[in-house]
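To be precise, the following lines are data-v9.csv, and they hold CSV, C-alpha atoms and all ligand atoms.
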chain,number,residue,atom,x,y,z
F,175,MET,CA,-67.8,130.1,-39.6
F,176,PRO,CA,-67.1,130.0,-43.4
F,177,ASP,CA,-67.1,133.4,-45.2
F,178,GLN,CA,-70.4,134.6,-46.8
F,179,PRO,CA,-70.0,134.5,-50.6
F,180,LEU,CA,-69.0,137.7,-52.2
F,181,THR,CA,-72.2,139.4,-53.5
F,182,ILE,CA,-72.1,141.0,-56.9
F,183,ALA,CA,-75.0,143.1,-58.2
F,184,LEU,CA,-75.5,143.1,-62.0
F,185,SER,CA,-77.8,145.1,-64.2
F,186,LYS,CA,-80.3,143.1,-66.1
F,187,GLY,CA,-81.3,143.9,-69.7
F,188,ARG,CA,-79.0,144.5,-72.6
F,189,ILE,CA,-76.0,145.4,-70.5
F,190,LEU,CA,-76.1,141.8,-69.0
F,191,GLU,CA,-75.3,140.4,-72.4
F,192,GLN,CA,-72.0,142.4,-72.4
F,193,THR,CA,-71.3,141.7,-68.7
F,194,LEU,CA,-71.4,137.9,-68.9
F,195,PRO,CA,-68.6,137.4,-71.4
F,196,LEU,CA,-66.4,139.8,-69.4
F,197,LEU,CA,-67.0,137.9,-66.2
F,198,GLU,CA,-66.4,134.6,-68.0
F,199,HIS,CA,-63.1,136.0,-69.3
F,200,ALA,CA,-62.2,137.0,-65.8
F,201,GLY,CA,-63.0,133.4,-64.6
F,202,ILE,CA,-66.1,134.5,-62.7
F,203,ALA,CA,-69.3,132.9,-63.8
F,204,ALA,CA,-72.7,131.8,-62.5
F,205,ALA,CA,-73.8,128.2,-62.0
F,206,GLU,CA,-76.7,128.8,-64.4
F,207,ASP,CA,-77.6,131.0,-67.4
F,208,MET,CA,-78.3,134.5,-66.0
F,209,LEU,CA,-79.9,135.6,-69.3
F,210,LYS,CA,-82.5,132.9,-69.0
F,211,THR,CA,-83.2,132.4,-65.3
F,212,ARG,CA,-86.1,134.1,-63.6
F,213,LYS,CA,-84.1,133.9,-60.3
F,214,LEU,CA,-82.9,137.2,-58.9
F,215,MET,CA,-80.1,135.7,-56.9
F,216,VAL,CA,-77.8,133.1,-58.5
F,217,ASP,CA,-74.8,131.2,-57.1
F,218,GLY,CA,-71.4,131.4,-58.7
F,219,ARG,CA,-69.9,128.4,-60.4
F,220,PRO,CA,-68.5,126.3,-57.6
F,221,ALA,CA,-65.3,125.4,-59.4
F,222,ASP,CA,-64.2,129.1,-59.5
F,223,GLY,CA,-61.8,130.4,-56.8
F,224,THR,CA,-63.7,133.0,-54.8
F,225,PRO,CA,-67.2,132.0,-53.6
F,226,VAL,CA,-69.6,134.5,-55.2
F,227,ARG,CA,-73.3,135.0,-55.8
F,228,PHE,CA,-75.0,137.4,-58.2
F,229,LEU,CA,-78.0,139.7,-57.8
F,230,ILE,CA,-79.8,140.4,-61.1
F,231,ILE,CA,-81.5,143.8,-60.7
F,232,ARG,CA,-82.5,147.0,-62.5
F,233,ALA,CA,-79.5,149.2,-63.6
F,234,ALA,CA,-80.6,152.1,-61.4
F,235,ASP,CA,-80.9,149.9,-58.3
F,236,VAL,CA,-77.3,148.5,-58.5
F,237,CYS,CA,-75.9,151.7,-56.9
F,238,THR,CA,-78.5,151.3,-54.0
F,239,TYR,CA,-77.7,147.7,-53.3
F,240,VAL,CA,-73.9,148.4,-53.2
F,241,GLU,CA,-74.2,151.6,-51.2
F,242,GLN,CA,-76.4,149.9,-48.7
F,243,GLY,CA,-73.9,147.0,-48.4
F,244,ALA,CA,-76.6,144.4,-49.6
F,245,ALA,CA,-74.0,143.7,-52.4
F,246,ASP,CA,-70.3,143.9,-51.8
F,247,MET,CA,-69.7,145.1,-55.4
F,248,GLY,CA,-71.6,145.7,-58.6
F,249,ILE,CA,-71.5,146.8,-62.2
F,250,ALA,CA,-73.2,150.1,-62.7
F,251,GLY,CA,-73.4,152.5,-65.6
F,252,ARG,CA,-71.6,155.8,-65.3
F,253,ASP,CA,-75.0,157.4,-66.0
F,254,SER,CA,-76.5,155.9,-62.8
F,255,LEU,CA,-73.4,156.9,-60.8
F,256,LEU,CA,-73.5,160.5,-62.0
F,257,GLU,CA,-77.2,160.8,-61.4
F,258,SER,CA,-77.4,159.2,-57.9
F,259,ARG,CA,-73.9,159.9,-56.6
F,260,PRO,CA,-73.7,156.9,-54.3
F,261,HIS,CA,-71.0,156.6,-51.6
F,262,VAL,CA,-69.1,153.8,-53.3
F,263,TYR,CA,-65.6,153.2,-54.7
F,264,GLU,CA,-65.3,153.1,-58.4
F,265,PRO,CA,-62.0,151.3,-59.1
F,266,LEU,CA,-62.4,150.2,-62.7
F,267,ASP,CA,-63.9,151.2,-66.0
F,268,LEU,CA,-65.0,148.0,-67.6
F,269,LYS,CA,-65.3,149.5,-71.1
F,270,ILE,CA,-68.6,147.8,-71.8
F,271,GLY,CA,-72.0,149.4,-72.2
F,272,CYS,CA,-70.4,152.3,-74.1
F,273,CYS,CA,-72.8,155.0,-75.1
F,274,ARG,CA,-73.4,158.7,-74.4
F,275,LEU,CA,-75.9,160.7,-72.4
F,276,CYS,CA,-77.4,163.3,-74.8
F,277,VAL,CA,-80.0,166.1,-75.1
F,278,CYS,CA,-82.1,165.2,-78.1
F,279,GLY,CA,-85.2,166.6,-79.7
F,280,PRO,CA,-87.4,166.6,-82.8
F,281,LYS,CA,-85.2,167.4,-85.9
F,282,GLU,CA,-87.1,170.7,-86.7
F,283,LEU,CA,-86.9,172.0,-83.2
F,284,VAL,CA,-83.2,171.2,-82.8
F,285,GLU,CA,-82.4,172.7,-86.2
F,286,ALA,CA,-84.2,175.9,-85.1
F,287,GLY,CA,-81.5,176.4,-82.5
F,288,THR,CA,-80.8,175.6,-78.9
F,289,PRO,CA,-83.4,177.0,-76.4
F,290,PRO,CA,-82.4,180.7,-75.7
F,291,ARG,CA,-81.3,181.8,-72.2
F,292,GLY,CA,-84.3,182.6,-70.0
F,293,SER,CA,-86.6,180.3,-71.9
F,294,ARG,CA,-88.6,177.5,-70.4
F,295,ILE,CA,-88.8,174.0,-71.8
F,296,ARG,CA,-90.2,170.6,-70.9
F,297,VAL,CA,-87.6,167.8,-70.7
F,298,ALA,CA,-88.5,164.1,-70.5
F,299,THR,CA,-85.9,162.1,-68.8
F,300,LYS,CA,-85.0,159.6,-66.0
F,301,TYR,CA,-81.9,161.7,-65.3
F,302,ASP,CA,-83.7,164.5,-63.3
F,303,ARG,CA,-80.6,165.8,-61.6
F,304,LEU,CA,-78.2,165.7,-64.6
F,305,ALA,CA,-80.8,167.3,-66.9
F,306,THR,CA,-81.7,170.0,-64.4
F,307,GLU,CA,-78.0,170.9,-63.9
F,308,TYR,CA,-77.3,170.9,-67.6
F,309,PHE,CA,-80.1,173.3,-68.5
F,310,MET,CA,-79.4,175.4,-65.5
F,311,GLY,CA,-75.8,175.9,-66.9
F,312,GLN,CA,-77.4,176.9,-70.2
F,313,GLY,CA,-79.6,179.5,-68.4
F,314,VAL,CA,-82.7,177.6,-69.5
F,315,GLN,CA,-85.5,176.7,-67.0
F,316,ALA,CA,-86.2,173.0,-67.5
F,317,GLU,CA,-89.5,171.5,-66.3
F,318,ILE,CA,-88.5,167.9,-65.8
F,319,ILE,CA,-91.0,165.2,-66.8
F,320,HIS,CA,-89.8,162.1,-65.1
F,321,LEU,CA,-90.2,158.9,-67.2
F,322,TYR,CA,-88.9,155.4,-66.6
F,323,GLY,CA,-88.1,154.5,-70.2
F,324,SER,CA,-89.0,155.0,-73.9
F,325,MET,CA,-88.2,158.7,-73.5
F,326,GLU,CA,-88.2,159.2,-77.3
F,327,LEU,CA,-92.0,159.0,-77.3
F,328,ALA,CA,-92.5,162.2,-75.2
F,329,PRO,CA,-91.7,164.8,-78.0
F,330,LEU,CA,-93.8,162.8,-80.5
F,331,VAL,CA,-96.9,163.2,-78.4
F,332,GLY,CA,-96.2,166.8,-77.5
F,333,MET,CA,-95.3,166.1,-73.9
F,334,ALA,CA,-91.8,167.6,-74.0
F,335,GLU,CA,-89.5,169.7,-76.3
F,336,ARG,CA,-86.4,167.8,-75.4
F,337,ILE,CA,-85.3,164.5,-73.9
F,338,VAL,CA,-82.1,163.6,-72.0
F,339,ASP,CA,-81.3,160.0,-72.6
F,340,LEU,CA,-78.7,157.4,-73.5
F,341,VAL,CA,-77.8,157.1,-77.2
F,342,GLU,CA,-75.9,154.1,-78.4
F,343,THR,CA,-76.4,153.4,-82.1
F,344,GLY,CA,-78.8,156.3,-82.6
F,345,GLY,CA,-81.3,153.8,-84.1
F,346,THR,CA,-84.1,154.7,-81.6
F,347,LEU,CA,-83.7,158.4,-82.3
F,348,ARG,CA,-83.7,158.0,-86.1
F,349,ALA,CA,-86.8,155.7,-85.9
F,350,ASN,CA,-88.6,158.4,-84.0
F,351,GLY,CA,-87.5,161.5,-86.0
F,352,LEU,CA,-85.3,162.8,-83.2
F,353,VAL,CA,-81.7,164.1,-83.4
F,354,GLU,CA,-78.9,164.8,-80.9
F,355,GLU,CA,-78.4,168.4,-79.8
F,356,ALA,CA,-75.6,168.0,-77.2
F,357,THR,CA,-73.6,165.3,-75.5
F,358,LEU,CA,-73.5,165.6,-71.7
F,359,PHE,CA,-71.3,162.6,-70.8
F,360,ASP,CA,-69.6,159.6,-72.4
F,361,ILE,CA,-70.9,156.6,-70.6
F,362,SER,CA,-69.5,153.1,-69.8
F,363,SER,CA,-70.1,150.5,-67.1
F,364,ARG,CA,-68.0,150.8,-64.0
F,365,LEU,CA,-67.1,148.3,-61.3
F,366,ILE,CA,-68.3,149.7,-57.9
F,367,VAL,CA,-67.4,148.5,-54.4
F,368,ASN,CA,-69.0,149.1,-51.0
F,369,PRO,CA,-66.3,150.9,-49.0
F,370,ALA,CA,-66.9,148.9,-45.8
F,371,SER,CA,-66.8,145.6,-47.8
F,372,PHE,CA,-63.5,146.7,-49.3
F,373,ALA,CA,-62.1,147.3,-45.9
F,374,THR,CA,-63.3,144.1,-44.3
F,375,ARG,CA,-63.3,141.7,-47.3
F,376,LYS,CA,-60.3,142.9,-49.2
F,377,THR,CA,-58.8,139.4,-49.5
F,378,LEU,CA,-61.9,138.3,-51.4
F,379,ILE,CA,-62.5,141.5,-53.4
F,380,GLN,CA,-58.9,142.3,-54.5
F,381,PRO,CA,-58.5,139.0,-56.6
F,382,ILE,CA,-61.8,139.6,-58.3
F,383,LEU,CA,-60.8,143.2,-59.0
F,384,ASP,CA,-57.4,142.0,-60.4
F,385,GLN,CA,-59.0,139.3,-62.6
F,386,LEU,CA,-61.5,141.9,-64.0
F,387,ARG,CA,-58.8,144.4,-64.7
F,388,GLN,CA,-56.8,141.8,-66.5
F,389,ALA,CA,-59.9,140.8,-68.6
F,390,VAL,CA,-60.5,144.4,-69.5
F,391,ASP,CA,-56.9,144.8,-70.6
F,392,ASP,CA,-56.9,141.6,-72.6
F,393,ARG,CA,-60.0,142.5,-74.4
F,394,ALA,CA,-58.6,146.0,-75.3
F,395,ARG,CA,-55.5,144.3,-76.6
F,396,LEU,CA,-57.5,141.9,-78.7
F,397,LYS,CA,-59.5,144.8,-80.2
F,398,GLU,CA,-56.3,146.6,-81.2
F,399,MET,CA,-54.9,143.5,-83.0
F,400,PRO,CA,-55.1,143.9,-86.8
F,501,LIG,C1,-81.9,152.7,-74.3
F,501,LIG,C2,-82.0,154.3,-74.3
F,501,LIG,C3,-82.6,154.5,-75.6
F,501,LIG,C4,-81.9,153.4,-76.5
F,501,LIG,C5,-80.7,154.0,-77.2
F,501,LIG,O1,-83.2,152.2,-74.0
F,501,LIG,O2,-82.9,154.7,-73.2
F,501,LIG,O3,-84.0,154.5,-75.7
F,501,LIG,O4,-81.5,152.4,-75.6
F,501,LIG,O5,-80.1,152.9,-78.0
F,501,LIG,P1,-79.8,153.2,-79.5
F,501,LIG,O6,-79.2,154.5,-79.7
F,501,LIG,O7,-78.9,152.0,-79.9
F,501,LIG,O8,-81.1,153.1,-80.3
F,501,LIG,P2,-83.4,150.7,-73.7
F,501,LIG,O9,-83.6,149.9,-74.9
F,501,LIG,O10,-82.4,150.2,-72.8
F,501,LIG,O11,-84.9,150.7,-72.9
F,501,LIG,P3,-85.6,151.9,-72.0
F,501,LIG,O12,-86.1,152.9,-73.0
F,501,LIG,O13,-86.7,151.1,-71.4
F,501,LIG,O14,-84.6,152.4,-71.1

Spit out the file's structure as structure tokens when you get a sec.
Ligand code: PRP
Amino acid sequence: MPDQPLTIALSKGRILEQTLPLLEHAGIAAAEDMLKTRKLMVDGRPADGTPVRFLIIRAADVCTYVEQGAADMGIAGRDSLLESRPHVYEPLDLKIGCCRLCVCGPKELVEAGTPPRGSRIRVATKYDRLATEYFMGQGVQAEIIHLYGSMELAPLVGMAERIVDLVETGGTLRANGLVEEATLFDISSRLIVNPASFATRKTLIQPILDQLRQAVDDRARLKEMP
């Protein structure tokens, strides 16, 4: 029986725009435009060496698909990996989707100083675990208000004193009168691999891994050129 194609889970949204040129550079591409299609599963380009197919899903779900073995490998943000701690291998930093996970708040609140030890604040975030751990380390009791996006709105409507969210250009913060208070982690996208797939499908996975590593190195070298 011919091998099942290698299944690669990709995050949709703005990260996909950075993922596709990297995949293309590595000689791995889809048979159709993944930015335009409404399909959630897309075949790889038949001319490429390893038979692949892509799943196009929400960033936070990539870890789940790979951990469950529904995808052999995937591209996930370090933020999702730190928050959900899936049992997967993380062999490669793809150096795309670079941003930082920060505590932010309204300018006047942040300028008044960090919340004192023993205080209680409301924190809007989708990173419940990371936010709880951070504030616990600060001796601050954080009441987590879980949101799925547009966290910057929560302080504006008086629902939270702080947010824990990704900051890339800082444009969304500025547009909403918020400032950064602390950086928790530097974030980039990582290649992740299901451990059982890696053991049983290594001959398919290793070439993809090598091609991607080469593409990441090539792009870094191009950036360094004057
Ligand atoms: C992300 C993040 C911030 C914004 C930061 O949201 O959650 O809101 O980007 O980017 P910036 O610093 O360049 O402004 P995204 O646009 O992905 O949508 P979401 O709020 O639905 O997660």

Counting all atoms listed in the file, which residues have an atom no more than 12 Å from (-61.3, 134.3, -58.9) in the file's coordinates? Please list them as an MDAnalysis selection string. chainID F and resid 180 197:203 218:226 377:389

At a cut-off of 8 Å, can you tabulate as CSV every residue of chain F near ligand LIG 501 (chain F) together with its closest atom pair and the distance in Å to one decimal, using only C-alpha atoms and all ligand atoms and ordering rows by chain then number?
residue,atom,partner,partner_atom,distance
F:Gly187,CA,F:LIG501,O10,7.1
F:Arg188,CA,F:LIG501,O10,6.6
F:Cys273,CA,F:LIG501,O6,7.9
F:Tyr322,CA,F:LIG501,O13,6.8
F:Gly323,CA,F:LIG501,O12,3.8
F:Ser324,CA,F:LIG501,O12,3.7
F:Met325,CA,F:LIG501,O12,6.2
F:Glu326,CA,F:LIG501,O3,6.5
F:Asp339,CA,F:LIG501,O2,5.6
F:Leu340,CA,F:LIG501,C2,4.6
F:Val341,CA,F:LIG501,O6,3.9
F:Glu342,CA,F:LIG501,O6,3.6
F:Thr343,CA,F:LIG501,O7,3.6
F:Gly344,CA,F:LIG501,O6,3.4
F:Gly345,CA,F:LIG501,O8,3.9
F:Thr346,CA,F:LIG501,O8,3.6
F:Leu347,CA,F:LIG501,O8,6.2

Residue contacts of Leu275 (chain F) (8 Å, all atoms listed in the file) excluding same-chain residues fewer than 5 positions away, as a tab-separated table (two decimals) with C-alpha atoms, keeping the file's coordinate frame:
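Final file, out-v1.tsv:
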chain	number	residue	atom	x	y	z
F	253	ASP	CA	-75.00	157.40	-66.00
F	338	VAL	CA	-82.10	163.60	-72.00
F	339	ASP	CA	-81.30	160.00	-72.60
F	340	LEU	CA	-78.70	157.40	-73.50
F	341	VAL	CA	-77.80	157.10	-77.20
F	357	THR	CA	-73.60	165.30	-75.50
F	358	LEU	CA	-73.50	165.60	-71.70
F	359	PHE	CA	-71.30	162.60	-70.80
F	360	ASP	CA	-69.60	159.60	-72.40
F	361	ILE	CA	-70.90	156.60	-70.60

Contacts of Cys278 (chain F) within 8 Å, only C-alpha atoms, excl. fewer than 4 positions in-chain, as a list in words: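 After dropping sequence-adjacent residues, the list is Val284, Arg336, Ile337, Val338, Asp339, Leu352, Val353, Glu354, Glu355 and Ala356 of chain F.
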
Pick from F:Ala349, F:Met247, F:Tyr308, F:Ser363, whichever lies nearest to Lys376 (chain F) using only C-alpha atoms: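 Closest to Lys376 (chain F) of all the choices is F:Met247.
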
Do a neighbour search on Ala183 (chain F) at 10 Å with all atoms listed in the file, toss out local chain neighbours closer than 3 positions, and write the hits as a ChimeraX atom specification. /F:186,214-215,227-233,235-240,244-250,365-366

Could you please take those selected residues and save C-alpha atoms as a short mmCIF file (atom, residue, chain, number, x, y, z; two decimals), in the frame of the given file?
data_model
loop_
_atom_site.label_atom_id
_atom_site.label_comp_id
_atom_site.auth_asym_id
_atom_site.auth_seq_id
_atom_site.Cartn_x
_atom_site.Cartn_y
_atom_site.Cartn_z
CA LYS F 186 -80.30 143.10 -66.10
CA LEU F 214 -82.90 137.20 -58.90
CA MET F 215 -80.10 135.70 -56.90
CA ARG F 227 -73.30 135.00 -55.80
CA PHE F 228 -75.00 137.40 -58.20
CA LEU F 229 -78.00 139.70 -57.80
CA ILE F 230 -79.80 140.40 -61.10
CA ILE F 231 -81.50 143.80 -60.70
CA ARG F 232 -82.50 147.00 -62.50
CA ALA F 233 -79.50 149.20 -63.60
CA ASP F 235 -80.90 149.90 -58.30
CA VAL F 236 -77.30 148.50 -58.50
CA CYS F 237 -75.90 151.70 -56.90
CA THR F 238 -78.50 151.30 -54.00
CA TYR F 239 -77.70 147.70 -53.30
CA VAL F 240 -73.90 148.40 -53.20
CA ALA F 244 -76.60 144.40 -49.60
CA ALA F 245 -74.00 143.70 -52.40
CA ASP F 246 -70.30 143.90 -51.80
CA MET F 247 -69.70 145.10 -55.40
CA GLY F 248 -71.60 145.70 -58.60
CA ILE F 249 -71.50 146.80 -62.20
CA ALA F 250 -73.20 150.10 -62.70
CA LEU F 365 -67.10 148.30 -61.30
CA ILE F 366 -68.30 149.70 -57.90
#

Quick check, in Å to one decimal: how far apart do CA of Arg291 (chain F) and CA of Ala316 (chain F) lie?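 If I compute the distance from CA of Arg291 (chain F) to CA of Ala316 (chain F), I get 11.1 Å.
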
Rounded to one decimal, what separation in Å do you get between CA of Pro290 (chain F) and CA of Val314 (chain F)? 6.9 Å

Might I get the box with edges along x, y and z of the file that holds all atoms of region 256-271 of chain F listed there, padded by 3 Å on every side, given as centre and edge lengths in Å to one decimal, as lines of an AutoDock Vina configuration file?
center_x = -69.7
center_y = 154.3
center_z = -61.9
size_x = 21.4
size_y = 19.0
size_z = 26.6
